[in-house]
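Visitor: Pasting upload.txt here (compact mmCIF, C-alpha atoms):
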# COMPACT_ATOMS: atom_id res chain seq x y z
CA GLU A 39 19.98 -6.68 -19.76
CA LYS A 40 18.68 -10.24 -20.27
CA GLU A 41 16.04 -9.00 -22.73
CA ILE A 42 18.62 -7.01 -24.72
CA LEU A 43 20.99 -9.96 -24.90
CA ARG A 44 18.13 -12.25 -25.87
CA ALA A 45 16.95 -9.93 -28.65
CA ALA A 46 20.50 -9.43 -29.91
CA LYS A 47 21.22 -13.16 -29.64
CA GLY A 48 24.17 -12.43 -27.39
CA ARG A 49 25.77 -9.94 -29.82
CA ALA A 50 25.59 -6.91 -27.49
CA ILE A 51 27.77 -5.12 -24.99
CA VAL A 52 25.98 -3.64 -22.00
CA GLU A 53 27.86 -0.92 -20.14
CA VAL A 54 26.63 0.03 -16.66
CA LEU A 55 27.41 3.50 -15.34
CA SER A 56 26.67 4.85 -11.89
CA PRO A 57 24.68 8.12 -11.92
CA GLU A 58 27.68 10.01 -10.51
CA GLU A 59 29.63 9.25 -13.71
CA ILE A 60 27.08 10.99 -15.94
CA SER A 61 27.84 14.65 -16.60
CA GLY A 62 24.16 15.62 -16.90
CA VAL A 63 23.45 14.27 -13.43
CA LYS A 64 26.39 16.17 -11.95
CA ALA A 65 25.21 19.38 -13.60
CA GLY A 66 21.65 18.86 -12.40
CA ARG A 67 20.17 18.65 -15.91
CA ILE A 68 19.15 14.99 -15.60
CA GLN A 69 17.09 13.52 -12.77
CA VAL A 70 17.94 9.98 -11.78
CA PRO A 71 14.77 7.79 -11.71
CA VAL A 72 13.79 6.45 -8.31
CA LEU A 73 12.39 3.02 -7.47
CA LEU A 74 11.15 2.42 -3.92
CA ARG A 75 11.92 -1.10 -2.77
CA HIS A 76 10.89 -2.17 0.73
CA PRO A 77 9.89 -5.38 2.50
CA GLY A 78 6.21 -6.30 2.16
CA PHE A 79 5.32 -4.78 5.54
CA PHE A 80 6.13 -1.26 4.29
CA LYS A 81 4.26 -1.47 0.96
CA PRO A 82 1.06 0.25 2.24
CA PHE A 83 3.14 3.11 3.65
CA GLU A 84 5.14 3.28 0.44
CA MET A 85 1.78 3.89 -1.28
CA LEU A 86 0.99 6.81 1.06
CA VAL A 87 4.45 8.32 0.58
CA SER A 88 4.15 8.02 -3.21
CA ASN A 89 0.82 9.87 -3.07
CA TYR A 90 2.78 12.86 -1.76
CA GLY A 91 5.66 12.37 -4.17
CA LEU A 92 8.85 10.41 -4.73
CA PRO A 93 12.13 11.31 -3.02
CA ASP A 94 14.86 12.71 -5.24
CA TYR A 95 17.95 10.67 -5.91
CA LYS A 96 20.50 10.85 -3.03
CA VAL A 97 18.03 12.13 -0.42
CA ILE A 98 16.58 10.10 2.45
CA ASP A 99 13.66 7.81 1.71
CA PRO A 100 11.15 8.59 4.52
CA THR A 101 8.98 5.47 4.12
CA ILE A 102 10.23 3.56 7.19
CA PHE A 103 10.05 6.64 9.43
CA PHE A 104 6.60 7.44 8.03
CA ALA A 105 5.40 3.94 8.93
CA VAL A 106 6.63 4.11 12.53
CA THR A 107 5.30 7.59 13.30
CA PHE A 108 2.01 7.01 11.44
CA LEU A 109 1.23 3.83 13.39
CA ALA A 110 2.17 5.53 16.68
CA MET A 111 -0.17 8.46 16.00
CA PHE A 112 -3.00 6.24 14.80
CA GLY A 113 -2.71 4.03 17.87
CA MET A 114 -2.72 7.00 20.25
CA MET A 115 -5.78 8.54 18.59
CA PHE A 116 -7.67 5.24 18.17
CA GLY A 117 -6.44 3.25 21.16
CA ASP A 118 -9.04 0.61 21.97
CA VAL A 119 -8.62 -3.16 22.14
CA GLY A 120 -12.13 -3.96 20.88
CA HIS A 121 -12.22 -1.50 18.00
CA GLY A 122 -8.65 -2.32 17.08
CA ALA A 123 -9.55 -6.01 16.89
CA VAL A 124 -12.50 -5.25 14.58
CA LEU A 125 -10.30 -3.09 12.35
CA ALA A 126 -7.51 -5.69 12.32
CA GLY A 127 -9.99 -8.45 11.44
CA LEU A 128 -11.41 -6.45 8.54
CA GLY A 129 -7.91 -5.62 7.35
CA LEU A 130 -6.83 -9.25 7.64
CA TRP A 131 -9.69 -10.32 5.37
CA LEU A 132 -9.17 -7.55 2.79
CA GLY A 133 -5.41 -7.60 2.77
CA PHE A 134 -4.50 -11.26 3.20
CA LEU A 135 -7.43 -13.69 2.99
CA ARG A 136 -9.83 -12.39 0.35
CA LYS A 137 -9.36 -14.06 -3.03
CA GLY A 138 -9.38 -12.15 -6.31
CA ARG A 139 -8.65 -8.82 -4.60
CA ALA A 140 -7.03 -5.97 -6.50
CA ASP A 141 -3.55 -4.85 -5.48
CA SER A 142 -4.84 -1.48 -4.24
CA THR A 143 -7.51 -3.20 -2.13
CA ALA A 144 -4.89 -5.51 -0.65
CA LEU A 145 -2.68 -2.55 0.29
CA VAL A 146 -5.60 -0.75 1.96
CA GLY A 147 -6.50 -3.96 3.81
CA ARG A 148 -2.94 -4.43 5.05
CA LEU A 149 -2.82 -0.82 6.19
CA ALA A 150 -6.07 -1.35 8.11
CA PHE A 151 -4.64 -4.52 9.68
CA TYR A 152 -1.46 -2.75 10.86
CA CYS A 153 -3.50 0.18 12.19
CA GLY A 154 -5.81 -2.24 14.03
CA VAL A 155 -2.82 -3.94 15.69
CA SER A 156 -1.49 -0.52 16.75
CA SER A 157 -4.93 0.31 18.20
CA ILE A 158 -4.93 -2.94 20.17
CA VAL A 159 -1.48 -2.18 21.61
CA PHE A 160 -2.48 1.31 22.71
CA GLY A 161 -5.82 -0.04 23.90
CA PHE A 162 -3.94 -2.17 26.44
CA LEU A 163 -1.78 0.83 27.34
CA PHE A 164 -4.94 2.93 27.89
CA GLY A 165 -6.98 0.11 29.46
CA SER A 166 -9.80 0.63 26.94
CA VAL A 167 -12.06 -2.12 25.53
CA PHE A 168 -15.05 -0.90 23.47
CA GLY A 169 -14.90 2.40 25.33
CA LEU A 170 -14.82 0.90 28.81
CA GLU A 171 -11.70 2.33 30.46
CA ASP A 172 -10.20 0.40 33.37
CA THR A 173 -13.34 -1.78 33.56
CA ILE A 174 -12.47 -4.96 31.69
CA ILE A 175 -8.69 -4.47 31.81
CA HIS A 176 -6.49 -2.09 33.77
CA HIS A 177 -4.35 0.40 31.85
CA LEU A 178 -0.66 -0.34 31.52
CA TRP A 179 0.33 3.29 30.94
CA MET A 180 -2.44 5.84 31.51
CA SER A 181 -6.15 6.50 31.18
CA PRO A 182 -6.60 9.36 28.65
CA MET A 183 -9.78 10.76 30.28
CA HIS A 184 -8.11 10.87 33.70
CA ASN A 185 -4.71 12.16 32.54
CA VAL A 186 -5.70 14.83 30.04
CA ILE A 187 -2.90 17.33 30.75
CA TYR A 188 -0.28 14.60 30.80
CA PHE A 189 -1.60 13.23 27.50
CA PHE A 190 -1.36 16.70 25.93
CA LYS A 191 2.26 16.94 27.05
CA VAL A 192 3.02 13.52 25.55
CA ALA A 193 1.45 14.59 22.23
CA ILE A 194 3.45 17.84 22.17
CA TYR A 195 6.76 16.15 22.92
CA PHE A 196 5.99 13.50 20.32
CA GLY A 197 5.43 16.33 17.82
CA ILE A 198 8.72 17.96 18.83
CA ALA A 199 10.52 14.67 18.12
CA VAL A 200 8.86 14.32 14.69
CA ILE A 201 9.60 17.94 13.71
CA SER A 202 13.20 17.63 14.92
CA LEU A 203 13.60 14.48 12.84
CA GLY A 204 12.34 16.39 9.80
CA ILE A 205 14.89 19.17 10.42
CA LEU A 206 17.67 16.59 10.79
CA PHE A 207 16.67 14.95 7.50
CA ASN A 208 16.68 18.33 5.75
CA ILE A 209 20.20 19.08 6.96
CA VAL A 210 21.45 15.62 5.94
CA ASN A 211 19.76 15.88 2.52
CA ALA A 212 21.27 19.32 1.88
CA ILE A 213 24.75 17.99 2.68
CA ARG A 214 24.28 14.89 0.51
CA VAL A 215 23.31 16.94 -2.56
CA GLY A 216 26.02 19.52 -1.94
CA ARG A 217 23.82 22.43 -0.81
CA PHE A 218 25.92 23.30 2.22
CA LYS A 219 24.56 26.84 2.52
CA SER A 220 21.00 25.54 2.67
CA SER A 221 21.97 23.10 5.43
CA VAL A 222 22.71 26.13 7.60
CA PHE A 223 20.37 28.93 6.45
CA ASP A 224 17.35 26.99 5.13
CA HIS A 225 13.90 27.23 6.75
CA ALA A 226 14.72 23.86 8.32
CA GLY A 227 18.47 24.34 8.54
CA LEU A 228 20.94 24.23 11.39
CA ILE A 229 20.33 27.81 12.57
CA VAL A 230 16.56 27.33 12.69
CA ALA A 231 17.12 24.04 14.56
CA VAL A 232 19.07 25.91 17.24
CA ILE A 233 16.32 28.53 17.55
CA TYR A 234 13.63 25.85 17.72
CA TRP A 235 15.33 23.88 20.45
CA GLY A 236 16.26 27.06 22.28
CA GLY A 237 12.57 27.95 22.31
CA ILE A 238 11.59 24.44 23.46
CA VAL A 239 14.07 24.56 26.34
CA SER A 240 12.98 28.09 27.30
CA VAL A 241 9.27 27.20 27.34
CA SER A 242 9.94 24.00 29.32
CA ILE A 243 11.88 25.98 31.95
CA PHE A 244 9.17 28.66 32.07
CA LEU A 245 6.39 26.09 32.56
CA SER A 246 8.33 24.57 35.46
CA ASN A 247 8.11 27.99 37.22
CA ARG A 248 11.83 28.65 36.97
CA PRO A 249 13.56 31.72 35.50
CA ILE A 250 14.91 31.27 31.99
CA PRO A 251 18.71 31.69 31.97
CA THR A 252 19.85 34.73 30.01
CA LYS A 253 22.51 32.64 28.25
CA ILE A 254 19.84 30.47 26.62
CA ILE A 255 17.87 33.48 25.34
CA VAL A 256 21.02 35.17 24.01
CA TRP A 257 22.97 32.26 22.51
CA LEU A 258 20.23 29.86 21.46
CA ILE A 259 17.63 32.39 20.27
CA GLY A 260 19.04 35.90 19.93
CA VAL A 261 22.32 35.17 18.14
CA PRO A 262 20.81 32.68 15.64
CA ILE A 263 18.07 35.21 14.74
CA VAL A 264 20.75 37.83 14.10
CA LEU A 265 22.59 35.35 11.87
CA LEU A 266 19.40 34.85 9.84
CA PHE A 267 19.14 38.63 9.45
CA LEU A 268 22.73 38.72 8.20
CA LYS A 269 22.25 35.80 5.82
CA GLU A 270 23.10 37.73 2.63
CA PRO A 271 26.21 39.50 4.02
CA ILE A 272 27.50 36.23 5.49
CA LEU A 273 26.96 34.33 2.23
CA ALA A 274 28.62 37.19 0.34
CA LEU A 275 31.61 37.04 2.67
CA ILE A 276 31.89 33.27 2.24
CA GLY A 277 31.56 33.58 -1.54
CA ARG A 278 34.05 36.50 -1.65
CA ARG A 279 31.61 38.85 -3.32
CA LYS A 280 29.82 42.06 -2.48
CA PRO A 281 26.44 41.81 -0.71
CA HIS A 282 23.57 42.16 -3.17
CA PHE A 283 20.37 43.87 -2.03
CA GLU A 284 18.11 43.91 -5.08
CA MET A 285 15.52 46.33 -3.64
CA GLY A 286 17.84 48.12 -1.24
CA PHE A 287 18.98 47.32 2.29
CA GLY A 288 15.75 48.58 3.88
CA SER A 289 13.64 46.28 1.75
CA TYR A 290 16.01 43.39 2.51
CA LEU A 291 15.69 44.07 6.24
CA PHE A 292 11.89 44.15 6.01
CA GLU A 293 11.72 40.92 3.99
CA SER A 294 14.09 39.20 6.42
CA THR A 295 11.93 40.28 9.35
CA ILE A 296 8.80 38.88 7.71
CA GLU A 297 10.61 35.64 6.84
CA ILE A 298 11.89 35.13 10.38
CA VAL A 299 8.50 35.87 11.94
CA GLU A 300 6.92 33.42 9.48
CA ILE A 301 9.44 30.73 10.46
CA LEU A 302 8.88 31.26 14.20
CA VAL A 303 5.09 31.31 13.92
CA GLY A 304 5.16 28.33 11.56
CA TYR A 305 7.17 26.16 13.95
CA LEU A 306 4.94 27.17 16.84
CA ALA A 307 1.86 26.18 14.83
CA ASN A 308 3.49 22.91 13.72
CA THR A 309 4.27 21.95 17.31
CA VAL A 310 0.87 22.89 18.73
CA SER A 311 -0.78 21.02 15.85
CA PHE A 312 0.24 17.73 17.46
CA ILE A 313 -2.21 18.42 20.30
CA ARG A 314 -4.79 16.91 17.96
CA VAL A 315 -3.21 13.49 18.66
CA ALA A 316 -4.45 13.71 22.24
CA ALA A 317 -7.61 15.66 21.33
CA PHE A 318 -8.88 13.00 18.92
CA SER A 319 -8.15 10.28 21.45
CA LEU A 320 -10.34 12.13 23.94
CA ALA A 321 -12.99 12.63 21.24
CA HIS A 322 -12.92 8.87 20.64
CA VAL A 323 -13.69 8.30 24.32
CA GLY A 324 -16.29 11.08 24.26
CA LEU A 325 -18.27 9.34 21.54
CA PHE A 326 -18.37 6.24 23.72
CA ILE A 327 -19.68 8.31 26.63
CA ALA A 328 -22.44 9.67 24.38
CA THR A 329 -23.33 6.13 23.27
CA PHE A 330 -23.49 4.84 26.85
CA SER A 331 -25.62 7.85 27.84
CA LEU A 332 -28.16 6.96 25.15
CA VAL A 333 -28.20 3.39 26.43
CA GLU A 334 -28.96 4.60 29.97
CA MET A 335 -31.78 6.79 28.64
CA VAL A 336 -33.65 3.88 27.06
CA GLN A 337 -33.05 1.34 29.81
CA GLY A 338 -36.09 0.63 31.95
CA LYS A 339 -38.50 1.64 29.20
CA THR A 340 -40.64 -0.62 27.02
CA GLY A 341 -38.29 -2.50 24.68
CA GLY A 342 -35.36 -0.90 26.44
CA THR A 343 -33.17 -4.00 26.20
CA ILE A 344 -33.62 -4.26 22.43
CA TYR A 345 -33.00 -0.54 21.97
CA SER A 346 -29.91 -0.70 24.18
CA VAL A 347 -28.40 -3.50 22.13
CA LEU A 348 -29.18 -1.68 18.87
CA ILE A 349 -27.65 1.56 20.15
CA LEU A 350 -24.51 -0.24 21.28
CA ILE A 351 -24.11 -2.07 17.97
CA LEU A 352 -24.88 0.91 15.73
CA GLY A 353 -22.90 3.23 17.98
CA ASN A 354 -19.78 1.07 17.78
CA ILE A 355 -20.13 0.67 14.01
CA GLY A 356 -20.48 4.44 13.65
CA ILE A 357 -17.50 5.17 15.88
CA ILE A 358 -15.28 2.70 14.04
CA ALA A 359 -16.26 4.07 10.62
CA LEU A 360 -16.22 7.78 11.53
CA GLU A 361 -13.28 7.85 13.92
CA GLY A 362 -11.24 5.43 11.82
CA LEU A 363 -11.58 7.70 8.78
CA VAL A 364 -10.97 10.94 10.69
CA VAL A 365 -7.97 9.58 12.59
CA THR A 366 -6.40 8.28 9.36
CA ILE A 367 -6.85 11.67 7.69
CA GLN A 368 -5.39 13.52 10.67
CA ALA A 369 -2.37 11.21 10.90
CA ILE A 370 -1.66 11.64 7.18
CA ARG A 371 -2.08 15.40 7.51
CA LEU A 372 0.47 15.57 10.34
CA GLU A 373 2.89 13.48 8.30
CA TYR A 374 2.53 15.53 5.12
CA TYR A 375 2.57 19.03 6.60
CA GLU A 376 4.46 18.89 9.88
CA PHE A 377 6.99 16.17 8.94
CA PHE A 378 7.41 16.14 5.15
CA GLY A 379 7.14 19.92 4.98
CA LYS A 380 10.56 20.22 6.61
CA PHE A 381 12.63 18.19 4.16
CA PHE A 382 10.62 16.32 1.50
CA SER A 383 9.95 18.01 -1.84
CA GLY A 384 8.50 14.90 -3.50
CA SER A 385 9.88 15.92 -6.90
CA GLY A 386 11.57 12.61 -7.72
CA VAL A 387 11.04 10.88 -11.06
CA ALA A 388 9.60 7.37 -11.03
CA TYR A 389 11.68 4.59 -12.55
CA LYS A 390 10.11 2.99 -15.61
CA PRO A 391 11.85 -0.03 -17.13
CA ILE A 392 12.99 0.44 -20.70
CA GLY A 393 11.22 -2.02 -23.00
CA LEU A 394 12.10 -3.15 -26.48
CA GLY A 395 8.54 -2.57 -27.70
CA GLN A 396 6.79 -4.70 -30.33
CA GLN A 397 9.09 -6.61 -32.60
CA ARG A 398 8.43 -7.16 -36.29
CA GLY A 399 6.52 -10.27 -37.15
CA ARG A 400 4.98 -10.48 -33.68
CA GLU A 401 1.98 -8.13 -34.14
CA GLY A 402 -1.38 -9.64 -33.25
Take the structure in the file and write it out as structure tokens.

Guide:
Amino acid sequence: EKEILRAAKGRAIVEVLSPEEISGVKAGRIQVPVLLRHPGFFKPFEMLVSNYGLPDYKVIDPTIFFAVTFLAMFGMMFGDVGHGAVLAGLGLWLGFLRKGRADSTALVGRLAFYCGVSSIVFGFLFGSVFGLEDTIIHHLWMSPMHNVIYFFKVAIYFGIAVISLGILFNIVNAIRVGRFKSSVFDHAGLIVAVIYWGGIVSVSIFLSNRPIPTKIIVWLIGVPIVLLFLKEPILALIGRRKPHFEMGFGSYLFESTIEIVEILVGYLANTVSFIRVAAFSLAHVGLFIATFSLVEMVQGKTGGTIYSVLILILGNIGIIALEGLVVTIQAIRLEYYEFFGKFFSGSGVAYKPIGLGQQRGREG
């Protein structure tokens, strides 16, 4: 507005309309540009979200939730005070202290710094310092190698929380854009949410060696599945029209069966996928065990002390580089597929400021 008024020497009227007042937006013909604006802490995570896509206008911006869950997963998979300190130090230099750095380098450095801090926090919780569990410090929560089953349960329930959050966002987004039918019958709609949580409750009861109540199976699993089968007749009844089966009722029944089986199997796979959070944490410890075993093999031999030091140094460098990269990739994968896949289409249009372009007499 200032540039327009400056160019027009004040002889201009600028009218500001909200997107809801524009007929093309209401009709869905025009997409409202989106500009992500967050405090500096969230800028690296904004970069990762933008790599997947931008949120559409009116839907929930997942950046803050992405940041929290990403750091939690990274810390659980890379929980070590020593390695976290190294990663945080490198990130501090790249993201805050290094002069003449590019913006992209600064964002990567800041991300590394935040991930390193998360690793330090979980390192204290796990009692791990450079792979030494409960040796230098005592764990504040648990020791992953001595509580494997418990750690797997924590990872699964963490995944259930993330998936449930994705379903909730999908329902809220559908309501905000006026797709009320989708909020109920979508692949991450209200009915699927009831089935998912009915299955979670049933499995939890079964694993506790108790009989699953018939009411849970009937009302939280059976009835919602039937409602998914009757999706077209129900929508036809609500819309006061006749049910439309393009390829016949038999074909509709077969397609509905395949769709429901795909939804059930998909949610099972999504939930089990979070086991990798605990698995990669154990792999992180396993690499340390392998490094210490090599050190024990060369001790007592000629030049054993020198070789031991070299193995420890190179081993730690290798673990930080390899595990840091793998853990980052796995955390992003879980965010993109298991979380974003429930609600985030990433089809938003980026906001680009309108410029006046070159003015006459100012070329060159």

Visitor: If you count only C-alpha atoms, which residues fall within 7 Å of range 175-187 of chain A, apart from same-chain ones fewer than 6 positions away, as a ChimeraX atom specification?

Guide: /A:162-165,320

Visitor: At most 12 Å from (3.8, 21.6, 7.3), file frame, all atoms listed in the file: which residues, as a VMD selection string?

Guide: chain A and resid 197 200 to 201 204 to 205 225 to 226 301 303 to 312 370 to 383

Visitor: Name all residues at most 12 Å from Lys64 in chain A (count all atoms listed in the file; drop same-chain ones fewer than 4 positions away) and give them as a PyMOL selection string.

Guide: chain A and resi 56-60+68-70+95-96+215-216

Visitor: Just how far from CA of Leu348 in chain A is CA of Leu332 in chain A, in Å to one decimal?

Guide: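 Separation of CA of Leu332 in chain A and CA of Leu348 in chain A: 10.7 Å.
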
Visitor: Identify which of the residues A:Phe218, A:Thr329, A:Gln368, A:Phe318 lies closest to Ile276 in chain A, counting all atoms listed in the file when measuring atom-to-atom distances.

Guide: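 Ranking A:Phe218, A:Thr329, A:Gln368, A:Phe318 by distance to Ile276 in chain A, first place goes to A:Phe218.
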
Visitor: Please, what distance in Å, to one decimal, runs between CA of Ile98 in chain A and CA of Ile198 in chain A?

Guide: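 Pair CA of Ile98 in chain A / CA of Ile198 in chain A returns 19.8 Å.
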
Visitor: Separation of CA of Val239 in chain A and CA of Glu270 in chain A, in Å?

Guide: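 Result for CA of Val239 in chain A versus CA of Glu270 in chain A: 28.6 Å, one decimal.
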
Visitor: What's around Gly113 in chain A at 9 Å? Count all atoms listed in the file, leave out sequence neighbours fewer than 2 positions away in its own chain, and write the answer as number ranges by chain.

Guide: A: 108-111, 115-118, 122, 153-161

Visitor: When you count all atoms listed in the file, which of these residues is closest to Gly353 in chain A: A:His282, A:Phe168, A:Asp94, A:Leu258?

Guide: A:Phe168

Visitor: Can you take range 145-166 of chain A from the block and write N, CA, C and O atoms as an mmCIF file, in the first residue's frame?

Guide:
data_model
loop_
_atom_site.group_PDB
_atom_site.id
_atom_site.type_symbol
_atom_site.label_atom_id
_atom_site.label_comp_id
_atom_site.auth_asym_id
_atom_site.auth_seq_id
_atom_site.Cartn_x
_atom_site.Cartn_y
_atom_site.Cartn_z
ATOM 1 N N LEU A 145 19.366 -22.019 8.699
ATOM 2 C CA LEU A 145 18.185 -22.784 9.111
ATOM 3 C C LEU A 145 18.574 -24.221 9.461
ATOM 4 O O LEU A 145 18.085 -24.776 10.451
ATOM 5 N N VAL A 146 19.437 -24.821 8.651
ATOM 6 C CA VAL A 146 19.895 -26.182 8.936
ATOM 7 C C VAL A 146 20.670 -26.210 10.252
ATOM 8 O O VAL A 146 20.518 -27.127 11.065
ATOM 9 N N GLY A 147 21.514 -25.193 10.468
ATOM 10 C CA GLY A 147 22.265 -25.118 11.717
ATOM 11 C C GLY A 147 21.353 -24.984 12.930
ATOM 12 O O GLY A 147 21.577 -25.633 13.954
ATOM 13 N N ARG A 148 20.342 -24.149 12.823
ATOM 14 C CA ARG A 148 19.406 -23.982 13.936
ATOM 15 C C ARG A 148 18.636 -25.275 14.206
ATOM 16 O O ARG A 148 18.398 -25.625 15.362
ATOM 17 N N LEU A 149 18.256 -25.963 13.126
ATOM 18 C CA LEU A 149 17.575 -27.240 13.299
ATOM 19 C C LEU A 149 18.475 -28.231 14.030
ATOM 20 O O LEU A 149 18.028 -28.941 14.934
ATOM 21 N N ALA A 150 19.751 -28.280 13.638
ATOM 22 C CA ALA A 150 20.708 -29.165 14.304
ATOM 23 C C ALA A 150 20.867 -28.785 15.775
ATOM 24 O O ALA A 150 20.970 -29.664 16.651
ATOM 25 N N PHE A 151 20.883 -27.504 16.074
ATOM 26 C CA PHE A 151 21.010 -27.043 17.461
ATOM 27 C C PHE A 151 19.813 -27.494 18.291
ATOM 28 O O PHE A 151 19.972 -28.036 19.400
ATOM 29 N N TYR A 152 18.600 -27.302 17.770
ATOM 30 C CA TYR A 152 17.401 -27.705 18.511
ATOM 31 C C TYR A 152 17.357 -29.224 18.705
ATOM 32 O O TYR A 152 16.993 -29.708 19.775
ATOM 33 N N CYS A 153 17.754 -29.960 17.660
ATOM 34 C CA CYS A 153 17.785 -31.424 17.766
ATOM 35 C C CYS A 153 18.827 -31.858 18.798
ATOM 36 O O CYS A 153 18.602 -32.808 19.552
ATOM 37 N N GLY A 154 19.979 -31.178 18.833
ATOM 38 C CA GLY A 154 21.009 -31.501 19.810
ATOM 39 C C GLY A 154 20.524 -31.272 21.231
ATOM 40 O O GLY A 154 20.778 -32.090 22.131
ATOM 41 N N VAL A 155 19.798 -30.172 21.456
ATOM 42 C CA VAL A 155 19.247 -29.902 22.787
ATOM 43 C C VAL A 155 18.251 -30.988 23.180
ATOM 44 O O VAL A 155 18.239 -31.469 24.322
ATOM 45 N N SER A 156 17.390 -31.407 22.224
ATOM 46 C CA SER A 156 16.446 -32.486 22.499
ATOM 47 C C SER A 156 17.178 -33.779 22.850
ATOM 48 O O SER A 156 16.771 -34.516 23.757
ATOM 49 N N SER A 157 18.280 -34.061 22.146
ATOM 50 C CA SER A 157 19.082 -35.256 22.433
ATOM 51 C C SER A 157 19.679 -35.197 23.840
ATOM 52 O O SER A 157 19.720 -36.212 24.552
ATOM 53 N N ILE A 158 20.121 -34.008 24.240
ATOM 54 C CA ILE A 158 20.683 -33.858 25.586
ATOM 55 C C ILE A 158 19.617 -34.132 26.644
ATOM 56 O O ILE A 158 19.866 -34.836 27.632
ATOM 57 N N VAL A 159 18.420 -33.585 26.430
ATOM 58 C CA VAL A 159 17.323 -33.791 27.391
ATOM 59 C C VAL A 159 17.006 -35.274 27.537
ATOM 60 O O VAL A 159 16.924 -35.805 28.650
ATOM 61 N N PHE A 160 16.843 -35.967 26.401
ATOM 62 C CA PHE A 160 16.529 -37.392 26.467
ATOM 63 C C PHE A 160 17.743 -38.200 26.915
ATOM 64 O O PHE A 160 17.581 -39.298 27.465
ATOM 65 N N GLY A 161 18.939 -37.678 26.688
ATOM 66 C CA GLY A 161 20.128 -38.348 27.203
ATOM 67 C C GLY A 161 20.112 -38.405 28.724
ATOM 68 O O GLY A 161 20.455 -39.438 29.327
ATOM 69 N N PHE A 162 19.704 -37.325 29.370
ATOM 70 C CA PHE A 162 19.557 -37.332 30.828
ATOM 71 C C PHE A 162 18.429 -38.270 31.252
ATOM 72 O O PHE A 162 18.542 -38.969 32.266
ATOM 73 N N LEU A 163 17.341 -38.297 30.477
ATOM 74 C CA LEU A 163 16.231 -39.190 30.812
ATOM 75 C C LEU A 163 16.651 -40.649 30.693
ATOM 76 O O LEU A 163 16.199 -41.508 31.460
ATOM 77 N N PHE A 164 17.532 -40.945 29.704
ATOM 78 C CA PHE A 164 17.992 -42.316 29.483
ATOM 79 C C PHE A 164 19.271 -42.642 30.261
ATOM 80 O O PHE A 164 19.691 -43.799 30.305
ATOM 81 N N GLY A 165 19.919 -41.626 30.824
ATOM 82 C CA GLY A 165 21.173 -41.855 31.545
ATOM 83 C C GLY A 165 22.313 -42.244 30.634
ATOM 84 O O GLY A 165 23.188 -43.037 31.014
ATOM 85 N N SER A 166 22.342 -41.672 29.415
ATOM 86 C CA SER A 166 23.343 -42.058 28.416
ATOM 87 C C SER A 166 24.275 -40.898 28.103
ATOM 88 O O SER A 166 23.835 -39.796 27.756
#
